[in-house]
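Notes follow once the structure below has been shown.
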Amino acid sequence: MSVRTQSSEESGETVHRAGFACFVGRPNAGKSTLTNALVGQKVAITANQPQTTRHTVRGIVHRPDAQLILVDTPGLHKPRTLLGERLNDVVRTTWAEVDVIGFCLPANEKLGPGDRFIAKELASIKKTPKIAIVTKTDLVDGKTLAEQLIAIDQLGKDLGFEWAEIIPVSAVGDKQVDLLADLIVPLLPEGPALYPEGDLTDEPEQVMIAELIREAALEGVRDELPHSIAVVVEEMLPREDRPADKPLLDIHAFVYIERPSQKGIIIGPKGKRLKEVGIKSRKQIEALLGTPVFLDLHVKVAKDWQRDPRQLRKLGF
C-alpha cells in the first residue's frame, strides 16, 4: 500500500487539467470542512451534527496547472424517509459523473458498517479512481492513525479494488490539504478551465443564503430538530430610494419546520433565538455578497415535509 506524505516530483511539461471530484463518506466524516479548506472560503455549510448538506455545493479550486471542481454530496446512509431516498439517489448520480472520488474516513472512529456499506457501493463503480482520505488526524496519535491506514487499505482489498491513493489530512489543522489537491489533479482529464477565474462555487446565491440561515438556525437546537429545518429564500430585492454608495439588499426568508410544537424552539423566549439566528446569518450573508443586508425571517410549519413529495418539491428537493 502507498501512503502519501509528500508531493510527487513535478515533470517538466505544463499540462492544464480540469475536472470534477466528489467527497463521499458517512454523515459527519468531514467532507464539507475539507471542501472549505481546499477552496479557502466557506462554500459548504459545516455543522457538528450529521446530514446538514442537502444540496450539491460545488467548490472550485483554481491553480496555475488545474481547475478542480469539488462536488459535495450529502452523506450516504440507509434511508428511512422519502427525503433520505432522494439524498441517496443524488449521491449515486454524482458518483457516476465525476473524475475522482474521495472517500472520507475519520481517523478517530474505527471502520463501521456504514463505511463498508459505502465502500461496497464504490467497488461497483469500476472506472473512477478512488482516493481514501483519512480526516480529523489532529484528533489521534500516530499509532491509531497507522492502524486506521492499514484497515482502510485492507478494506479495498477485501472488496476487490485498490485505492489510487491513501492520504491522511487534517482540514482543521491545515495538514496535507494542499498535498491532497496535488494528488487529485493528475487524475483529472486534460483541458481548459471550466469556470471563470474568480468563481468559488456555481451554487445560486439564494441557495447559499438559505444554507447559511439554516446553519445558524441549527446552532443550539441540533439535538431537538436535527433534520426538521428547511429554509427557502422567497425574494431578494435591492431597497429602493437608496443612494448608490449606500445600497441595502432586502432578503425575505422562511424557516420551515415540521410541527407546530417546534415553533417555540426555533423562535425562543420572546423571539430571542430567532433574533440571534438573524444576526448571525446576516453577518455571513453580508460577507458572502459584499453588501449590507436587511434580513426578514419568518417561521412556518410545513407538516411532515420530509415524507411528503409535494412539500419536498416546494422546498427544493
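By convention here, the chains of the C-alpha cells are called A, B, ... in the order presented, each chain's residues are numbered starting at 1, and ligands are numbered starting at 1 in the order presented.
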(request) Considering only C-alpha atoms, return as a PyMOL selection string whatever protein or nucleic-acid residues lie within 6 Å of Val299 in chain A, sequence-local ones (same chain, fewer than 6 positions apart) excluded. (result) chain A and resi 254-256
Using N, CA, C and O atoms, can you export the residues from the last selection as a CSV table (one decimal), in the first residue's frame?
```csv
chain,number,residue,atom,x,y,z
A,254,PHE,N,-38.1,32.2,4.7
A,254,PHE,CA,-38.9,31.4,5.6
A,254,PHE,C,-38.1,30.2,6.2
A,254,PHE,O,-37.5,29.5,5.4
A,255,VAL,N,-38.2,30.0,7.5
A,255,VAL,CA,-37.6,28.8,8.1
A,255,VAL,C,-38.8,27.8,8.3
A,255,VAL,O,-39.8,28.1,9.0
A,256,TYR,N,-38.8,26.7,7.6
A,256,TYR,CA,-39.8,25.7,7.7
A,256,TYR,C,-39.5,24.6,8.7
A,256,TYR,O,-38.4,24.1,8.8
```
(request) Tell me which of A:Ala18, A:Ile166, A:Leu295, A:Ile184 sits closest to Ala66 in chain A, counting only C-alpha atoms. (result) A:Ala18
(request) Mind checking which residues fall within 10 Å of Asp115 in chain A, counting only C-alpha atoms, ignoring those fewer than 3 positions away in the same chain, and posting them as a PyMOL selection string? (result) chain A and resi 25-26+76-77+103-105+110-112+118-121+152+155
Save out the residues we just selected, C-alpha atoms, as an mmCIF file, in the first residue's frame.
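And here's out-v6.cif as it stands now:
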```cif
data_model
loop_
_atom_site.group_PDB
_atom_site.id
_atom_site.type_symbol
_atom_site.label_atom_id
_atom_site.label_comp_id
_atom_site.auth_asym_id
_atom_site.auth_seq_id
_atom_site.Cartn_x
_atom_site.Cartn_y
_atom_site.Cartn_z
ATOM 1 C CA GLY A 25 -18.416 9.245 3.383
ATOM 2 C CA ARG A 26 -20.712 8.671 6.276
ATOM 3 C CA LEU A 76 -24.879 8.268 2.062
ATOM 4 C CA HIS A 77 -26.922 6.396 4.659
ATOM 5 C CA PHE A 103 -13.798 8.612 0.390
ATOM 6 C CA CYS A 104 -13.553 10.451 3.738
ATOM 7 C CA LEU A 105 -12.975 8.262 6.792
ATOM 8 C CA LYS A 110 -12.949 2.641 13.699
ATOM 9 C CA LEU A 111 -14.374 1.437 10.383
ATOM 10 C CA GLY A 112 -18.015 0.513 10.852
ATOM 11 C CA ILE A 118 -20.302 2.934 1.103
ATOM 12 C CA ALA A 119 -17.078 1.093 0.148
ATOM 13 C CA LYS A 120 -19.189 -1.723 -1.327
ATOM 14 C CA GLU A 121 -21.094 0.818 -3.445
ATOM 15 C CA ILE A 152 -8.546 1.153 5.056
ATOM 16 C CA LEU A 155 -11.000 -2.678 3.170
#
```
(message) Can you tell me, as a VMD selection string, which residues in range 99-295 of chain A count as alpha helix (DSSP H) by DSSP?
(response) chain A and resid 113 to 123 142 to 158 177 to 184 205 to 218 263 to 267 272 to 289
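CA of Ala132 in chain A is positioned 5.8 Å from CA of Gly102 in chain A.
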(message) Give me, as number ranges by chain, all polymer residues having an atom no more than 7 Å from Ile69 in chain A, counting only C-alpha atoms and skipping those fewer than 2 positions away in the same chain.
(response) A: 19-21, 58-61, 67, 71
(message) Using only C-alpha atoms for the distances, tell me which of A:Val293, A:Arg17, A:Thr135, A:Pro168 is nearest to Lys246 in chain A.
(response)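 Between A:Val293, A:Arg17, A:Thr135, A:Pro168, the residue approaching Lys246 in chain A most closely is A:Val293.
CA of Leu34 in chain A is found 5.4 Å from CA of Ala171 in chain A.
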